[in-house]
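Visitor: As input, take data-v4.txt (compact mmCIF, C-alpha atoms):
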```
# COMPACT_ATOMS: atom_id res chain seq x y z
CA MET O 1 -16.60 24.01 -1.83
CA THR O 2 -17.95 20.53 -1.31
CA GLY O 3 -16.16 17.23 -0.90
CA LYS O 4 -14.72 15.71 2.21
CA PRO O 5 -10.96 15.42 2.68
CA LEU O 6 -9.47 12.08 1.75
CA ARG O 7 -7.55 10.39 4.51
CA ALA O 8 -3.93 9.49 3.93
CA THR O 9 -3.48 5.75 3.67
CA ALA O 10 0.20 5.53 4.60
CA LEU O 11 0.69 7.86 7.55
CA SER O 12 -1.42 9.23 10.35
CA LYS O 13 -2.29 12.88 9.92
CA HIS O 14 -1.10 15.72 12.12
CA SER O 15 -2.99 18.82 13.10
CA PRO O 16 -0.86 21.75 11.94
CA SER O 17 -1.04 24.97 13.86
CA LYS O 18 -1.61 28.25 12.09
CA THR O 19 1.89 29.33 13.06
CA PHE O 20 4.50 28.00 10.69
CA SER O 21 6.44 25.16 12.19
CA CYS O 22 8.88 22.60 10.88
CA PRO O 23 8.24 19.23 12.52
CA VAL O 24 9.89 16.10 11.26
CA LEU O 25 6.81 14.61 9.58
CA PHE O 26 8.35 11.48 8.25
CA SER O 27 10.12 9.82 11.17
CA ALA O 28 9.59 6.43 9.57
CA ALA O 29 12.11 7.39 6.91
CA LYS O 30 14.84 7.74 9.54
CA LYS O 31 14.86 4.20 10.91
CA HIS O 32 17.97 2.07 10.72
CA THR O 33 18.73 0.31 7.46
CA GLN O 34 18.34 -3.14 8.95
CA GLU O 35 14.72 -2.43 9.85
CA HIS O 36 13.84 -1.68 6.26
CA SER O 37 14.65 -4.90 4.43
CA LEU O 38 11.50 -6.51 3.06
CA PRO O 39 11.20 -10.19 2.16
CA PRO O 40 10.27 -10.95 -1.46
CA HIS O 41 6.71 -11.94 -0.49
CA THR O 42 5.89 -9.09 1.91
CA GLU O 43 2.16 -8.74 2.48
CA ARG O 44 0.65 -5.25 2.65
CA ARG O 45 -2.95 -4.62 3.74
CA GLY O 46 -4.04 -8.12 2.77
CA ARG O 47 -2.75 -7.76 -0.78
CA ARG O 48 0.19 -9.77 -2.06
CA ILE O 49 2.54 -8.62 -4.77
CA ALA O 50 3.61 -11.48 -7.01
CA PRO O 51 7.27 -12.52 -6.61
CA ILE O 52 9.50 -10.94 -9.21
CA TYR O 53 12.86 -12.46 -8.33
CA ASP O 54 14.45 -15.81 -7.63
CA GLU O 55 17.25 -16.41 -5.15
CA GLU O 56 20.21 -17.00 -7.49
CA SER O 57 23.24 -14.88 -6.68
CA THR O 58 24.98 -13.03 -9.47
CA THR O 59 27.56 -10.20 -9.76
CA PHE O 60 29.05 -7.91 -7.13
CA PHE O 61 26.43 -5.27 -7.87
CA SER O 62 23.41 -7.56 -7.65
CA ARG O 63 22.20 -9.60 -4.69
CA LYS O 64 19.72 -11.76 -6.61
CA LYS O 65 19.33 -12.53 -10.27
CA ALA O 66 16.14 -11.03 -11.64
CA HIS O 67 13.65 -13.67 -12.77
CA ARG O 68 11.39 -10.87 -13.99
CA PRO O 69 13.22 -7.56 -14.46
CA PHE O 70 11.57 -4.59 -12.79
CA LYS O 71 11.43 -2.79 -16.12
CA GLU O 72 8.79 -5.30 -17.23
CA TYR O 73 6.69 -4.64 -14.13
CA TYR O 74 7.06 -0.89 -14.68
CA ALA O 75 5.97 -1.15 -18.33
CA GLN O 76 2.82 -3.01 -17.27
CA TRP O 77 2.21 -0.56 -14.42
CA ILE O 78 2.45 2.43 -16.78
CA ASP O 79 0.20 0.74 -19.33
CA SER O 80 -2.44 0.06 -16.66
CA LEU O 81 -2.25 3.68 -15.49
CA ASN O 82 -2.49 5.10 -19.01
CA SER O 83 -4.99 2.73 -20.58
CA ASN O 84 -7.29 2.00 -17.66
CA LEU O 85 -7.06 4.07 -14.49
CA LEU O 86 -6.44 7.52 -15.98
CA PRO O 87 -9.36 7.37 -18.46
CA LEU O 88 -11.66 6.10 -15.70
CA LEU O 89 -10.57 8.93 -13.41
CA ARG O 90 -11.23 11.52 -16.11
CA ARG O 91 -14.65 10.05 -16.77
CA ALA O 92 -15.46 10.18 -13.06
CA MET O 93 -14.35 13.82 -12.96
CA LEU O 94 -17.11 14.64 -15.45
CA SER O 95 -19.78 12.82 -13.47
CA SER O 96 -21.98 14.35 -10.81
CA SER O 97 -21.35 11.60 -8.28
CA PRO O 98 -18.82 12.46 -5.53
CA SER O 99 -18.79 8.87 -4.32
CA ASN O 100 -17.90 7.61 -7.80
CA LEU O 101 -15.09 10.16 -8.05
CA THR O 102 -13.82 9.19 -4.59
CA THR O 103 -13.64 5.55 -5.66
CA HIS O 104 -11.52 6.32 -8.71
CA VAL O 105 -9.29 8.76 -6.82
CA GLU O 106 -8.55 6.02 -4.29
CA MET O 107 -7.88 3.53 -7.10
CA VAL O 108 -5.26 5.79 -8.69
CA HIS O 109 -3.69 6.60 -5.32
CA HIS O 110 -3.53 2.90 -4.47
CA HIS O 111 -1.90 2.24 -7.86
CA PHE O 112 0.92 4.66 -6.99
CA GLN O 113 1.33 3.23 -3.48
CA ALA O 114 1.47 -0.31 -4.93
CA TYR O 115 4.21 0.88 -7.29
CA TYR O 116 6.34 2.17 -4.41
CA GLU O 117 5.78 -1.06 -2.48
CA ALA O 118 6.94 -3.01 -5.54
CA LEU O 119 10.03 -0.78 -5.65
CA ASP O 120 10.81 -1.78 -2.06
CA ILE O 121 10.56 -5.46 -2.92
CA ALA O 122 12.65 -5.08 -6.08
CA ALA O 123 15.34 -3.14 -4.19
CA SER O 124 15.53 -5.77 -1.45
CA ASN O 125 16.44 -8.29 -4.13
CA ASP O 126 18.56 -6.19 -6.49
CA VAL O 127 18.98 -2.54 -5.62
CA ALA O 128 21.53 -2.01 -8.42
CA GLN O 129 18.94 -2.25 -11.19
CA LEU O 130 17.08 0.67 -9.58
CA LEU O 131 20.04 2.84 -8.57
CA TYR O 132 21.73 2.41 -11.97
CA PRO O 133 18.69 1.93 -14.24
CA GLU O 134 19.88 1.42 -17.80
CA TRP O 135 16.28 0.61 -18.71
CA ARG O 136 15.13 4.18 -18.03
CA ASN O 137 14.87 6.34 -21.15
CA SER O 138 16.67 9.61 -21.78
CA LEU O 139 13.64 11.70 -20.81
CA GLU O 140 13.29 10.04 -17.41
CA LYS O 141 16.92 9.95 -16.29
CA PRO O 142 17.35 13.71 -15.57
CA PHE O 143 14.44 13.54 -13.10
CA LEU O 144 15.65 10.49 -11.16
CA TRP O 145 16.87 10.69 -7.59
CA LEU O 146 17.96 7.56 -5.72
CA GLY O 147 16.20 5.15 -8.03
CA ASP O 148 12.98 6.96 -8.90
CA PHE O 149 11.49 10.39 -9.52
CA HIS O 150 12.43 13.05 -6.99
CA PRO O 151 9.83 13.65 -4.22
CA TYR O 152 9.93 17.34 -5.11
CA ILE O 153 7.74 16.52 -8.11
CA PHE O 154 4.81 16.12 -5.71
CA THR O 155 5.23 19.51 -4.07
CA ASN O 156 6.11 21.23 -7.36
CA LEU O 157 2.98 19.83 -8.98
CA LEU O 158 0.93 20.95 -6.00
CA ARG O 159 2.40 24.44 -6.17
CA SER O 160 1.56 24.59 -9.89
CA PHE O 161 -2.14 24.32 -9.07
CA LEU O 162 -1.82 27.17 -6.60
CA ASP O 163 0.06 29.29 -9.16
CA ASP O 164 -2.56 28.52 -11.82
CA ASP O 165 -5.23 29.66 -9.39
CA ASP O 166 -3.50 33.03 -9.05
CA ASP O 167 -3.19 33.38 -12.84
CA ASP O 168 -6.80 32.41 -13.59
CA ASP O 169 -8.63 34.95 -11.43
CA ILE O 170 -9.61 36.83 -14.56
CA VAL O 171 -10.84 34.99 -17.64
CA ASP O 172 -11.76 36.35 -21.07
CA GLY O 173 -10.76 39.94 -20.53
CA ASP O 174 -12.56 41.57 -17.64
CA HIS O 175 -15.14 38.83 -17.12
CA GLU O 176 -14.70 37.09 -13.82
CA ILE O 177 -15.52 33.37 -13.49
CA ASP O 178 -18.91 32.66 -11.96
CA GLU O 179 -21.30 29.74 -11.76
CA THR O 180 -22.73 30.40 -15.23
CA TRP O 181 -19.47 29.27 -16.84
CA SER O 182 -19.27 25.73 -18.19
CA PHE O 183 -16.16 24.35 -19.80
CA CYS O 184 -16.75 21.08 -21.68
CA ASP O 185 -19.47 20.11 -19.18
CA THR O 186 -16.91 19.98 -16.37
CA PRO O 187 -18.61 20.05 -12.95
CA TRP O 188 -18.35 23.35 -11.13
CA GLN O 189 -16.63 21.67 -8.16
CA ILE O 190 -13.78 20.58 -10.43
CA LEU O 191 -13.43 23.99 -12.05
CA MET O 192 -13.27 25.71 -8.66
CA ALA O 193 -11.33 23.02 -6.76
CA TRP O 194 -8.22 25.18 -6.32
CA LYS O 195 -9.92 28.48 -5.64
CA ASN O 196 -9.16 29.69 -2.12
CA PRO O 197 -7.40 26.58 -0.73
CA SER O 198 -7.82 26.09 3.01
CA GLU O 199 -5.37 27.39 5.59
CA THR O 200 -4.90 23.82 6.79
CA LEU O 201 -3.77 22.71 3.34
CA MET O 202 -1.38 25.66 2.97
CA ALA O 203 0.12 24.97 6.40
CA ARG O 204 0.61 21.30 5.52
CA ILE O 205 2.33 22.20 2.23
CA GLU O 206 4.81 24.36 4.11
CA GLN O 207 5.48 21.59 6.64
CA ILE O 208 6.02 18.98 3.93
CA GLU O 209 8.38 21.26 2.01
CA CYS O 210 10.30 21.98 5.20
CA ALA O 211 10.66 18.28 5.95
CA LEU O 212 11.93 17.64 2.43
CA ARG O 213 14.53 20.39 2.80
CA LEU O 214 15.81 18.58 5.89
CA MET O 215 15.69 14.99 4.70
CA VAL O 216 16.80 15.18 1.05
CA PRO O 217 20.29 16.56 1.89
CA ALA O 218 20.62 13.98 4.69
CA LEU O 219 20.01 11.13 2.25
CA VAL O 220 22.42 12.61 -0.28
CA ALA O 221 25.07 12.82 2.47
CA ARG O 222 24.57 9.13 3.26
CA VAL O 223 25.19 8.26 -0.41
CA ARG O 224 28.33 10.38 -0.46
CA ASN O 225 29.62 8.75 2.73
CA ALA O 226 28.92 5.26 1.40
CA GLN O 227 30.86 5.97 -1.79
CA SER O 228 33.74 7.50 0.15
CA GLY O 229 33.81 4.49 2.47
CA LEU O 230 34.02 2.14 -0.50
CA PHE O 231 37.08 3.89 -1.92
CA ASP O 232 38.74 4.08 1.49
CA GLN O 233 38.21 0.38 2.19
CA VAL O 234 39.48 -0.73 -1.23
CA ALA O 235 42.53 1.52 -0.89
CA ALA O 236 43.29 0.27 2.63
CA ASP O 237 42.75 -3.45 2.04
CA GLY O 238 43.76 -3.68 -1.60
CA GLY O 239 47.43 -3.10 -0.81
CA LEU O 240 47.51 -6.26 1.28
CA PHE O 241 46.87 -8.35 -1.81
CA GLU O 242 49.22 -6.68 -4.27
CA GLY O 243 50.01 -9.18 -7.00
CA ASN O 244 47.28 -11.52 -5.79
CA ARG O 245 44.45 -11.09 -8.27
CA GLU O 246 41.99 -13.37 -6.50
CA GLY O 247 42.66 -11.75 -3.15
CA ALA O 248 42.19 -8.26 -4.60
CA LYS O 249 38.98 -9.37 -6.28
CA SER O 250 37.67 -10.66 -2.96
CA VAL O 251 38.46 -7.35 -1.25
CA VAL O 252 36.69 -5.35 -3.93
CA GLY O 253 33.69 -7.68 -3.84
CA LYS O 254 33.39 -7.43 -0.07
CA ALA O 255 33.65 -3.64 -0.18
CA VAL O 256 31.05 -3.34 -2.93
CA MET O 257 28.61 -5.60 -1.10
CA GLY O 258 29.07 -3.48 1.99
CA GLN O 259 28.26 -0.39 -0.05
CA MET O 260 25.19 -2.12 -1.51
CA ASP O 261 23.92 -2.79 2.02
CA GLU O 262 24.12 0.91 2.82
CA MET O 263 22.70 1.93 -0.57
CA LEU O 264 19.77 -0.42 -0.03
CA GLY O 265 19.01 1.35 3.22
CA VAL O 266 19.27 4.76 1.56
CA PHE O 267 17.02 3.67 -1.30
CA LEU O 268 14.36 2.32 1.06
CA ASP O 269 14.46 5.52 3.10
CA ALA O 270 14.13 7.62 -0.07
CA ASN O 271 11.26 5.49 -1.29
CA ARG O 272 9.57 5.70 2.10
CA LEU O 273 9.88 9.48 1.85
CA ARG O 274 8.24 9.48 -1.58
CA LYS O 275 5.33 7.37 -0.31
CA SER O 276 4.92 9.54 2.78
CA VAL O 277 4.90 12.82 0.89
CA LEU O 278 2.30 11.56 -1.57
CA ALA O 279 0.07 10.19 1.21
CA GLU O 280 0.35 13.39 3.25
CA ILE O 281 -0.61 15.56 0.28
CA ILE O 282 -3.58 13.42 -0.73
CA GLY O 283 -4.70 13.23 2.90
CA GLU O 284 -5.13 17.02 3.12
CA MET O 285 -7.09 17.47 -0.13
CA ASN O 286 -10.77 17.23 -0.82
CA VAL O 287 -11.84 14.74 -3.47
CA TYR O 288 -11.92 17.30 -6.31
CA GLN O 289 -8.45 18.63 -5.55
CA ALA O 290 -7.11 15.09 -5.24
CA ALA O 291 -8.62 14.11 -8.60
CA LEU O 292 -6.91 17.01 -10.40
CA PHE O 293 -3.63 16.40 -8.57
CA LEU O 294 -3.55 12.66 -9.37
CA GLU O 295 -4.53 13.32 -12.97
CA GLY O 296 -1.55 15.66 -13.29
CA LEU O 297 0.78 13.20 -11.56
CA ALA O 298 -0.36 10.36 -13.81
CA GLN O 299 0.19 12.54 -16.89
CA PHE O 300 3.71 13.29 -15.65
CA PHE O 301 4.62 9.59 -15.35
CA VAL O 302 2.89 8.57 -18.57
CA GLY O 303 4.32 11.47 -20.56
CA PHE O 304 7.86 10.19 -20.26
CA ARG O 305 6.81 7.02 -22.10
CA ASP O 306 5.28 8.89 -25.03
CA HIS O 307 7.12 7.52 -28.09
CA GLU O 308 6.53 10.63 -30.20
CA LEU O 309 7.84 12.97 -27.50
CA LEU O 310 10.82 10.71 -26.81
CA GLY O 311 11.61 10.56 -30.53
CA GLU O 312 11.56 14.34 -30.82
CA PHE O 313 13.81 14.63 -27.78
CA GLU O 314 16.30 12.14 -29.20
CA ARG O 315 16.42 13.98 -32.53
CA CYS O 316 16.95 17.36 -30.87
CA ARG O 317 19.76 16.36 -28.51
CA ILE O 318 22.90 18.40 -29.02
CA PRO O 319 26.06 16.25 -28.97
CA ILE O 320 28.72 17.18 -26.43
CA SER O 321 31.83 18.34 -28.27
```
Give the structure from the file, written as C-alpha cells.
Guide:
Amino acid sequence: MTGKPLRATALSKHSPSKTFSCPVLFSAAKKHTQEHSLPPHTERRGRRIAPIYDEESTTFFSRKKAHRPFKEYYAQWIDSLNSNLLPLLRRAMLSSSPSNLTTHVEMVHHHFQAYYEALDIAASNDVAQLLYPEWRNSLEKPFLWLGDFHPYIFTNLLRSFLDDDDDDDIVDGDHEIDETWSFCDTPWQILMAWKNPSETLMARIEQIECALRLMVPALVARVRNAQSGLFDQVAADGGLFEGNREGAKSVVGKAVMGQMDEMLGVFLDANRLRKSVLAEIIGEMNVYQAALFLEGLAQFFVGFRDHELLGEFERCRIPIS
C-alpha cells in the first residue's frame, strides 16, 4: 500500500507498543475549567475566526446575547462541506495524484477542526445554546452528547471500515479481488485502502477507545455533580429568602450562573476530546484511508440535514401515548 501517514494537527503522536496498553492520551482534556475559557477573538495557527457574539448580558442561562446565533454559522459550515469540500474530495479520490488527494484531505480535516474551534468560542460566550440546542433537528438530537455529536462516532466509523474489510474478502461468488478489478475508475489504492491495516493503526485504535472509556464517564459524572450542586444550593439558600421574591430570584440566578461556569468547563473538555480523537485517528492513517474516513464522516454530518430524510423521519415518528 502506498501513501504516507498524515500527521495529526492537534496533538503530538505517541509510539504505541505492540502490547496493549491504556495510556491517558488526551491529558489536555483534563485541565482545570479556568484554563479553558477562550476570548471571543482567539487566534489559532494564524487564522482568525470572525466574532459571532457581542457583549450584552441576557438571561440566567446565557452569558452573552448572540449577535449571530451559532445555528447560522453551522448552516453555512454544513453548506460549505456539502457543496464544496466533499465534492472536491471525491474528485481527488478519483485522480492519480497523491499530492492532490493529500491537499483535499487536509482541507476537509481543517474544516472539521475549525468547526470545533468555533464551538469553543461560541461556548465561551453562550454555552446554553449549545448544551440545550433547540435549533438542532429531530434526527440530530439523539446523537448529541454535551453539545455536539458523541466522540464515539469517530471510532465507530473507523471500526465500520475494518468490519467492511472482513466482509469484502470475497466478491462476486468465489472470485477474489485482484488488481484487474476496476470499480467506476476508482484508483486501486482507494479500493484496497482498508485491506490489512497496520499493527500500529490497530494498536492506536485500541488506545483511543480505552481513553474514551475512561474519559466519557468522567465528564458525565461532572455534569451530574454540577446539577446536583445546583439543586443543593438553591434548596439551602432559597429558604433564607422565603416570601422575598427578589431575594429568591437572586439566589437562583447566582446558583445557575455557578452551574454554567462548571458546564462551560465540561463542554470545553468534551469538545477538546472530540478534536483530539479526530486528530489522533487521522494522524495514524495513510492518505487513502484518511480520504475514505473523512468522506464517511462528512456524509454523516451532512446526512442529518437532508430535507427528504428528515421529512420521512418526521412522518414516521410514533407518538408517545
Visitor: Using all atoms listed in the file, which residue out of O:Ala92, O:Ile190, O:Met107, O:Leu144 lies closest to Phe304 (chain O)?
Guide: O:Leu144
Visitor: Please identify all polymer residues within 9 Å of region 217-224 of chain O, counting all atoms listed in the file, omitting same-chain residues fewer than 2 positions from it, and present them as a ChimeraX atom specification.
Guide: /O:146,212-215,226-229,262-263,266-267,269-270
Visitor: What is the CA of Glu134 (chain O) to CA of Phe70 (chain O) distance in Å?
Guide: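 Taking CA of Glu134 (chain O) as the start and CA of Phe70 (chain O) as the end point, the length is 11.4 Å.
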Visitor: Between O:Trp77, O:Arg68, O:His104, O:Tyr132, which is the closest to Val287 (chain O) once you count only C-alpha atoms?
Guide: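 With only C-alpha atoms as the atom set, the closest residue is O:His104.
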Visitor: Point out the residue among O:Ile208, O:Asn84, O:Arg91, O:Asn225 with the least atom-to-atom distance to Thr155 (chain O), counting all atoms listed in the file.
Guide: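 Of the candidates, the smallest distance to Thr155 (chain O) is held by O:Ile208.
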Visitor: For the atom pair CA of Asn196 (chain O) and CA of Asn156 (chain O), what is the interatomic distance in Å to one decimal place?
Guide: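 We find that CA of Asn196 (chain O) and CA of Asn156 (chain O) lie 18.2 Å from each other.
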Visitor: Need the shell around Leu131 (chain O): protein/DNA/RNA residues with any atom at most 12 Å away, counting all atoms listed in the file. Skip same-chain ones fewer than 3 positions apart. Format as an MDAnalysis selection string?
Guide: chainID O and resid 61:62 119 122:123 126:128 134:136 141 144:149 223 260 263:268 270:271
Visitor: Please identify all polymer residues lying at most 9 Å from the point (1.9, 25.0, -0.8) (file coordinates), using only C-alpha atoms, and present the result as a CSV table (one decimal) with C-alpha atoms, in the coordinates of the input.
Guide:
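Saved to result.csv:
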```
chain,number,residue,atom,x,y,z
O,155,THR,CA,5.2,19.5,-4.1
O,156,ASN,CA,6.1,21.2,-7.4
O,158,LEU,CA,0.9,21.0,-6.0
O,159,ARG,CA,2.4,24.4,-6.2
O,162,LEU,CA,-1.8,27.2,-6.6
O,201,LEU,CA,-3.8,22.7,3.3
O,202,MET,CA,-1.4,25.7,3.0
O,203,ALA,CA,0.1,25.0,6.4
O,204,ARG,CA,0.6,21.3,5.5
O,205,ILE,CA,2.3,22.2,2.2
O,206,GLU,CA,4.8,24.4,4.1
O,207,GLN,CA,5.5,21.6,6.6
O,208,ILE,CA,6.0,19.0,3.9
O,209,GLU,CA,8.4,21.3,2.0
```
Visitor: Show me, as an MDAnalysis selection string, the residues that have an atom within 12 Å of Gln76 (chain O) when counting all atoms listed in the file, minus same-chain residues fewer than 6 positions from it.
Guide: chainID O and resid 69:70 82:84 111 115 302 305
Visitor: Pull C-alpha atoms from the residues just selected and write them as a JSON list (two decimals), in the frame of the given file.
Guide:
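Saved file result_26.json follows:
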```
[["chain", "number", "residue", "atom", "x", "y", "z"],
["O", 69, "PRO", "CA", 13.22, -7.56, -14.46],
["O", 70, "PHE", "CA", 11.57, -4.59, -12.79],
["O", 82, "ASN", "CA", -2.49, 5.10, -19.01],
["O", 83, "SER", "CA", -4.99, 2.73, -20.58],
["O", 84, "ASN", "CA", -7.29, 2.00, -17.66],
["O", 111, "HIS", "CA", -1.90, 2.24, -7.86],
["O", 115, "TYR", "CA", 4.21, 0.88, -7.29],
["O", 302, "VAL", "CA", 2.89, 8.57, -18.57],
["O", 305, "ARG", "CA", 6.81, 7.02, -22.10]]
```
Visitor: Hey, can you check how far CA of Lys195 (chain O) sits from CA of Gln289 (chain O)?
Guide: 10.0 Å
Visitor: Identify, on the basis of all atoms listed in the file, every residue whose closest approach to Leu157 (chain O) does not exceed 8 Å; exclude the query and any residue fewer than 6 positions from it along the same chain; express the result as an mmCIF file with C-alpha atoms, in the frame of the given file.
Guide:
```cif
data_model
loop_
_atom_site.group_PDB
_atom_site.id
_atom_site.type_symbol
_atom_site.label_atom_id
_atom_site.label_comp_id
_atom_site.auth_asym_id
_atom_site.auth_seq_id
_atom_site.Cartn_x
_atom_site.Cartn_y
_atom_site.Cartn_z
ATOM 1 C CA PHE O 293 -3.630 16.400 -8.570
ATOM 2 C CA GLY O 296 -1.550 15.660 -13.290
ATOM 3 C CA LEU O 297 0.780 13.200 -11.560
#
```
Visitor: With distances taken over only C-alpha atoms, which residue among O:Gln113, O:Met93, O:Glu314, O:Ala118 lies nearest Val277 (chain O)?
Guide: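 Between O:Gln113, O:Met93, O:Glu314, O:Ala118, the residue approaching Val277 (chain O) most closely is O:Gln113.
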Visitor: Saving region 294-303 of chain O with all heavy atoms, as an mmCIF file, in the first residue's frame, what would that file be?
Guide:
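Wrote selection-v6.cif, looks like this:
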```
data_model
loop_
_atom_site.group_PDB
_atom_site.id
_atom_site.type_symbol
_atom_site.label_atom_id
_atom_site.label_comp_id
_atom_site.auth_asym_id
_atom_site.auth_seq_id
_atom_site.Cartn_x
_atom_site.Cartn_y
_atom_site.Cartn_z
ATOM 1 N N LEU O 294 -12.774 10.499 6.099
ATOM 2 C CA LEU O 294 -13.340 11.847 6.124
ATOM 3 C C LEU O 294 -14.548 11.966 5.207
ATOM 4 O O LEU O 294 -15.480 12.724 5.500
ATOM 5 C CB LEU O 294 -12.274 12.874 5.747
ATOM 6 C CG LEU O 294 -11.211 13.123 6.812
ATOM 7 C CD1 LEU O 294 -10.099 14.011 6.280
ATOM 8 C CD2 LEU O 294 -11.826 13.743 8.074
ATOM 9 N N GLU O 295 -14.546 11.219 4.114
ATOM 10 C CA GLU O 295 -15.740 11.207 3.261
ATOM 11 C C GLU O 295 -16.929 10.650 4.048
ATOM 12 O O GLU O 295 -18.037 11.206 4.014
ATOM 13 C CB GLU O 295 -15.502 10.358 2.017
ATOM 14 C CG GLU O 295 -16.709 10.318 1.082
ATOM 15 C CD GLU O 295 -16.628 9.223 0.025
ATOM 16 O OE1 GLU O 295 -15.940 8.205 0.288
ATOM 17 O OE2 GLU O 295 -17.250 9.381 -1.035
ATOM 18 N N GLY O 296 -16.706 9.533 4.761
ATOM 19 C CA GLY O 296 -17.774 8.961 5.565
ATOM 20 C C GLY O 296 -18.232 9.878 6.681
ATOM 21 O O GLY O 296 -19.430 10.004 6.958
ATOM 22 N N LEU O 297 -17.277 10.552 7.337
ATOM 23 C CA LEU O 297 -17.627 11.477 8.417
ATOM 24 C C LEU O 297 -18.424 12.659 7.883
ATOM 25 O O LEU O 297 -19.411 13.078 8.497
ATOM 26 C CB LEU O 297 -16.347 11.967 9.105
ATOM 27 C CG LEU O 297 -16.536 12.867 10.321
ATOM 28 C CD1 LEU O 297 -17.274 12.129 11.437
ATOM 29 C CD2 LEU O 297 -15.176 13.361 10.840
ATOM 30 N N ALA O 298 -18.009 13.190 6.750
ATOM 31 C CA ALA O 298 -18.739 14.308 6.140
ATOM 32 C C ALA O 298 -20.154 13.888 5.765
ATOM 33 O O ALA O 298 -21.120 14.640 5.986
ATOM 34 C CB ALA O 298 -17.980 14.814 4.912
ATOM 35 N N GLN O 299 -20.302 12.685 5.214
ATOM 36 C CA GLN O 299 -21.632 12.183 4.863
ATOM 37 C C GLN O 299 -22.510 12.054 6.097
ATOM 38 O O GLN O 299 -23.722 12.312 6.037
ATOM 39 C CB GLN O 299 -21.518 10.828 4.163
ATOM 40 C CG GLN O 299 -20.980 10.899 2.746
ATOM 41 C CD GLN O 299 -20.816 9.528 2.119
ATOM 42 O OE1 GLN O 299 -20.336 8.588 2.764
ATOM 43 N NE2 GLN O 299 -21.218 9.389 0.881
ATOM 44 N N PHE O 300 -21.910 11.662 7.217
ATOM 45 C CA PHE O 300 -22.657 11.530 8.469
ATOM 46 C C PHE O 300 -23.223 12.889 8.886
ATOM 47 O O PHE O 300 -24.408 13.014 9.188
ATOM 48 C CB PHE O 300 -21.736 10.971 9.555
ATOM 49 C CG PHE O 300 -22.393 10.796 10.893
ATOM 50 C CD1 PHE O 300 -23.086 9.635 11.196
ATOM 51 C CD2 PHE O 300 -22.314 11.787 11.855
ATOM 52 C CE1 PHE O 300 -23.695 9.463 12.429
ATOM 53 C CE2 PHE O 300 -22.915 11.638 13.098
ATOM 54 C CZ PHE O 300 -23.614 10.468 13.383
ATOM 55 N N PHE O 301 -22.389 13.919 8.898
ATOM 56 C CA PHE O 301 -22.837 15.249 9.308
ATOM 57 C C PHE O 301 -23.863 15.805 8.328
ATOM 58 O O PHE O 301 -24.895 16.353 8.742
ATOM 59 C CB PHE O 301 -21.637 16.197 9.408
ATOM 60 C CG PHE O 301 -20.923 16.162 10.717
ATOM 61 C CD1 PHE O 301 -20.136 15.071 11.076
ATOM 62 C CD2 PHE O 301 -21.026 17.214 11.617
ATOM 63 C CE1 PHE O 301 -19.471 15.027 12.285
ATOM 64 C CE2 PHE O 301 -20.367 17.184 12.831
ATOM 65 C CZ PHE O 301 -19.587 16.091 13.175
ATOM 66 N N VAL O 302 -23.565 15.686 7.040
ATOM 67 C CA VAL O 302 -24.447 16.256 6.022
ATOM 68 C C VAL O 302 -25.784 15.531 5.983
ATOM 69 O O VAL O 302 -26.837 16.146 5.762
ATOM 70 C CB VAL O 302 -23.754 16.201 4.644
ATOM 71 C CG1 VAL O 302 -24.739 16.509 3.520
ATOM 72 C CG2 VAL O 302 -22.583 17.175 4.597
ATOM 73 N N GLY O 303 -25.763 14.221 6.214
ATOM 74 C CA GLY O 303 -26.980 13.428 6.109
ATOM 75 C C GLY O 303 -28.084 13.876 7.043
ATOM 76 O O GLY O 303 -29.278 13.771 6.703
#
```
